[in-house]
$ cat final01.txt   # compact mmCIF, C-alpha atoms
# COMPACT_ATOMS: atom_id res chain seq x y z
CA MET A 57 4.28 -25.66 -19.24
CA LYS A 58 4.61 -21.94 -19.99
CA LEU A 59 2.32 -21.10 -17.06
CA PHE A 60 4.41 -23.28 -14.73
CA LYS A 61 7.61 -21.61 -15.96
CA GLU A 62 6.16 -18.13 -15.36
CA PHE A 63 5.01 -19.13 -11.87
CA LYS A 64 8.45 -20.54 -11.08
CA GLU A 65 10.11 -17.27 -12.15
CA PHE A 66 7.62 -15.29 -10.05
CA ALA A 67 8.04 -17.47 -6.96
CA VAL A 68 11.83 -17.48 -7.07
CA LYS A 69 12.20 -13.71 -7.38
CA GLY A 70 13.85 -12.07 -4.38
CA ASN A 71 10.89 -9.89 -3.44
CA MET A 72 8.51 -12.85 -3.26
CA MET A 73 10.87 -14.78 -1.01
CA ASP A 74 11.51 -11.73 1.17
CA MET A 75 7.78 -11.21 1.56
CA ALA A 76 7.19 -14.86 2.48
CA ILE A 77 9.94 -14.73 5.10
CA GLY A 78 8.50 -11.48 6.46
CA ILE A 79 5.03 -13.00 6.78
CA ILE A 80 6.36 -16.06 8.61
CA ILE A 81 8.44 -13.96 10.98
CA GLY A 82 5.48 -11.60 11.48
CA ALA A 83 3.21 -14.48 12.49
CA SER A 84 5.78 -15.73 15.01
CA PHE A 85 6.34 -12.18 16.25
CA ASN A 86 2.59 -11.83 16.82
CA LYS A 87 2.63 -14.85 19.15
CA VAL A 88 5.58 -13.43 21.08
CA ILE A 89 3.86 -10.07 21.51
CA ASP A 90 0.61 -11.77 22.55
CA VAL A 91 2.40 -13.66 25.32
CA LEU A 92 4.38 -10.55 26.27
CA VAL A 93 1.22 -8.52 26.73
CA LYS A 94 -0.92 -11.19 28.43
CA LYS A 95 1.72 -12.80 30.65
CA VAL A 96 4.23 -10.02 31.30
CA PHE A 97 2.56 -6.60 31.08
CA LEU A 98 -1.04 -7.28 32.10
CA PRO A 99 -0.36 -9.13 35.41
CA PRO A 100 1.51 -6.17 36.98
CA LEU A 101 -1.16 -3.83 35.60
CA SER A 102 -3.80 -6.06 37.16
CA LEU A 103 -1.88 -6.00 40.44
CA LEU A 104 -1.83 -2.21 40.35
CA THR A 105 -5.56 -2.17 39.76
CA ASP A 106 -6.16 -4.51 42.74
CA GLY A 107 -6.49 -7.75 40.76
CA VAL A 108 -8.91 -6.48 38.10
CA ASN A 109 -8.79 -8.56 34.91
CA MET A 110 -8.93 -6.15 31.96
CA GLN A 111 -10.46 -8.75 29.62
CA ASN A 112 -13.58 -8.94 31.80
CA LYS A 113 -14.13 -5.18 31.91
CA ARG A 114 -17.24 -4.16 30.00
CA ILE A 115 -20.21 -1.85 30.08
CA ILE A 116 -23.43 -3.87 30.13
CA LEU A 117 -26.10 -2.29 27.97
CA ARG A 118 -28.68 -5.04 28.52
CA GLU A 119 -28.57 -7.83 31.10
CA ALA A 120 -29.04 -11.41 29.98
CA VAL A 121 -32.46 -12.88 30.69
CA THR A 122 -32.66 -16.53 31.70
CA ASP A 123 -35.61 -18.78 32.43
CA ALA A 124 -36.08 -21.05 35.44
CA ASN A 125 -33.95 -23.79 33.83
CA GLY A 126 -31.01 -21.40 33.37
CA THR A 127 -31.15 -21.22 29.58
CA ASN A 128 -30.72 -17.83 27.97
CA ILE A 129 -33.84 -16.25 26.58
CA ILE A 130 -32.16 -12.93 25.75
CA ASP A 131 -28.39 -12.64 25.43
CA GLU A 132 -26.40 -9.99 27.24
CA VAL A 133 -25.37 -6.94 25.21
CA ALA A 134 -22.13 -5.35 26.43
CA VAL A 135 -19.32 -3.09 25.24
CA GLY A 136 -16.00 -4.82 26.00
CA TYR A 137 -13.68 -1.89 26.67
CA GLY A 138 -11.19 -4.10 28.51
CA VAL A 139 -10.49 -6.13 25.38
CA LEU A 140 -10.08 -2.83 23.50
CA ALA A 141 -7.56 -1.65 26.09
CA GLU A 142 -5.63 -4.91 25.71
CA ALA A 143 -5.64 -4.63 21.91
CA PHE A 144 -4.44 -1.02 22.18
CA LEU A 145 -1.60 -2.12 24.48
CA ASP A 146 -0.72 -4.83 21.93
CA PHE A 147 -0.66 -2.18 19.20
CA LEU A 148 1.60 0.14 21.20
CA ILE A 149 4.06 -2.64 22.04
CA ILE A 150 4.15 -3.94 18.46
CA GLY A 151 4.51 -0.43 17.06
CA PHE A 152 7.34 0.46 19.43
CA THR A 153 9.14 -2.84 18.82
CA VAL A 154 8.88 -2.48 15.05
CA PHE A 155 10.14 1.11 15.35
CA ILE A 156 13.21 -0.06 17.32
CA VAL A 157 13.91 -2.91 14.86
CA VAL A 158 13.58 -0.62 11.80
CA LYS A 159 15.77 2.01 13.44
CA PHE A 160 18.44 -0.63 14.17
CA MET A 161 18.24 -2.03 10.61
CA ASN A 162 18.52 1.48 9.11
CA LYS A 163 21.59 2.12 11.24
CA LEU A 164 23.20 -1.10 9.98
CA ARG A 165 22.24 -0.31 6.37
CA ASN A 166 23.64 3.21 6.62
CA ARG A 167 26.90 1.84 8.03
CA ALA A 168 27.09 -0.69 5.19
CA GLN A 169 26.47 2.03 2.58
CA ASP A 170 29.17 4.32 3.97
CA THR A 171 32.15 3.69 1.71
CA LYS A 172 34.56 5.39 4.10
CA ASP A 173 33.69 3.03 6.99
CA LYS A 174 36.09 0.13 6.59
CA THR A 175 34.74 -1.85 9.58
CA VAL A 176 31.75 -2.99 7.50
CA VAL A 177 31.86 -4.52 4.03
CA THR A 178 30.28 -2.11 1.55
CA PRO A 179 28.10 -3.70 -1.16
CA LYS A 180 29.73 -3.64 -4.61
CA ASP A 181 27.00 -1.52 -6.22
CA ILE A 182 27.34 1.18 -3.56
CA GLU A 183 31.12 1.06 -3.90
CA LEU A 184 30.94 1.46 -7.68
CA LEU A 185 28.44 4.33 -7.46
CA SER A 186 30.65 6.05 -4.92
CA LYS A 187 33.70 5.74 -7.17
CA LEU A 188 31.70 7.05 -10.14
CA THR A 189 30.55 10.04 -8.10
CA GLU A 190 34.11 10.82 -7.03
CA LEU A 191 35.36 10.57 -10.64
CA MET A 192 32.56 12.85 -11.88
CA GLU A 193 33.37 15.41 -9.17
CA GLU A 194 37.05 15.34 -10.18
CA GLN A 195 36.12 15.73 -13.85
CA ASN A 196 33.79 18.66 -13.08
CA ALA A 197 36.52 20.32 -11.02
CA LEU A 198 39.00 19.96 -13.91
CA LEU A 199 36.49 21.36 -16.40
CA LYS A 200 35.83 24.38 -14.19
CA THR A 201 39.55 25.18 -13.87
CA LYS A 202 40.02 25.04 -17.68
CA GLN A 203 37.25 27.56 -18.36
$ encode --input "final01.txt" --output "structure tokens"
Amino acid sequence: MKLFKEFKEFAVKGNMMDMAIGIIIGASFNKVIDVLVKKVFLPPLSLLTDGVNMQNKRIILREAVTDANGTNIIDEVAVGYGVLAEAFLDFLIIGFTVFIVVKFMNKLRNRAQDTKDKTVVTPKDIELLSKLTELMEEQNALLKTKQ
């Protein structure tokens, strides 16, 4: 029972739940980006390159050898640089999107932590720390004038 209780405390902690939510959203986000790259960005790129499909682009190092029946005797060896280009495009899109989301979230967090901005509700801990800082500054100013 002690092990179950410890696991329950671990699983219910905020960080564990935040991480689980992040992983689920990340998996869904990956599907969205995959469709965005394959169905939105690559078709115009393919049109610009005269209908060339990037996934099929490769450098063949050794041709496949087949017998008279059409069965492979020796498999083809090729470097698939088109798939690499697609993965790199995925990376750039994901990186840029995450950058924009983090920048937006930081902007919202900074607004929420600004105690002078009354348009956004400031968290209580930030409000208390701000008041403590102001009181300490006032106290330090009084102590300096008395010296």
$ atom_distance --input "final01.txt" --atom1 "atom CA of A:Leu185" --atom2 "atom CA of A:Asp170"
11.5 Å
$ closest_residue --input "final01.txt" --among "A:Ser186, A:Ala143, A:Asn166, A:Ala134" --to "A:Ile89" --atoms "only C-alpha atoms"
A:Ala143
$ atom_distance --input "final01.txt" --atom1 "atom CA of A:Met192" --atom2 "atom CA of A:Gln169"
19.1 Å
$ residues_around --input "final01.txt" --residues "stretch 108-116 of chain A" --least-positions-apart "2" --cutoff "8 Å" --atoms "all atoms listed in the file" --output "list of chain:residue names"
A:Leu98, A:Ser102, A:Leu103, A:Thr105, A:Asp106, A:Arg118, A:Glu119, A:Glu132, A:Val133, A:Ala134, A:Val135, A:Gly136, A:Tyr137, A:Gly138, A:Val139, A:Ala141, A:Glu142
$ axis_aligned_box --input "final01.txt" --around "stretch 75-90 of chain A" --padding-each-side "6 Å" --output "AutoDock Vina command-line options"
--center_x 5.3 --center_y -13.1 --center_z 12.1 --size_x 21.3 --size_y 18.0 --size_z 33.0
$ atom_distance --input "final01.txt" --atom1 "atom CA of A:Leu184" --atom2 "atom CA of A:Lys200"
24.3 Å
$ residues_around --input "final01.txt" --residues "A:Ala168" --least-positions-apart "4" --cutoff "12 Å" --atoms "only C-alpha atoms" --output "list in words"
Met161, Asn162, Lys163, Leu164, Lys172, Asp173, Lys174, Thr175, Val176, Val177, Thr178, Pro179, Lys180, Asp181, Ile182 and Glu183 of chain A
$ residues_around --input "final01.txt" --residues "stretch 90-96 of chain A" --least-positions-apart "3" --cutoff "8 Å" --atoms "all atoms listed in the file" --output "PyMOL selection string"
chain A and resi 86-87+99-100+142+145-146
$ closest_residue --input "final01.txt" --among "A:Phe85, A:Met57, A:Lys64, A:Met75" --to "A:Ile149" --atoms "only C-alpha atoms"
A:Phe85
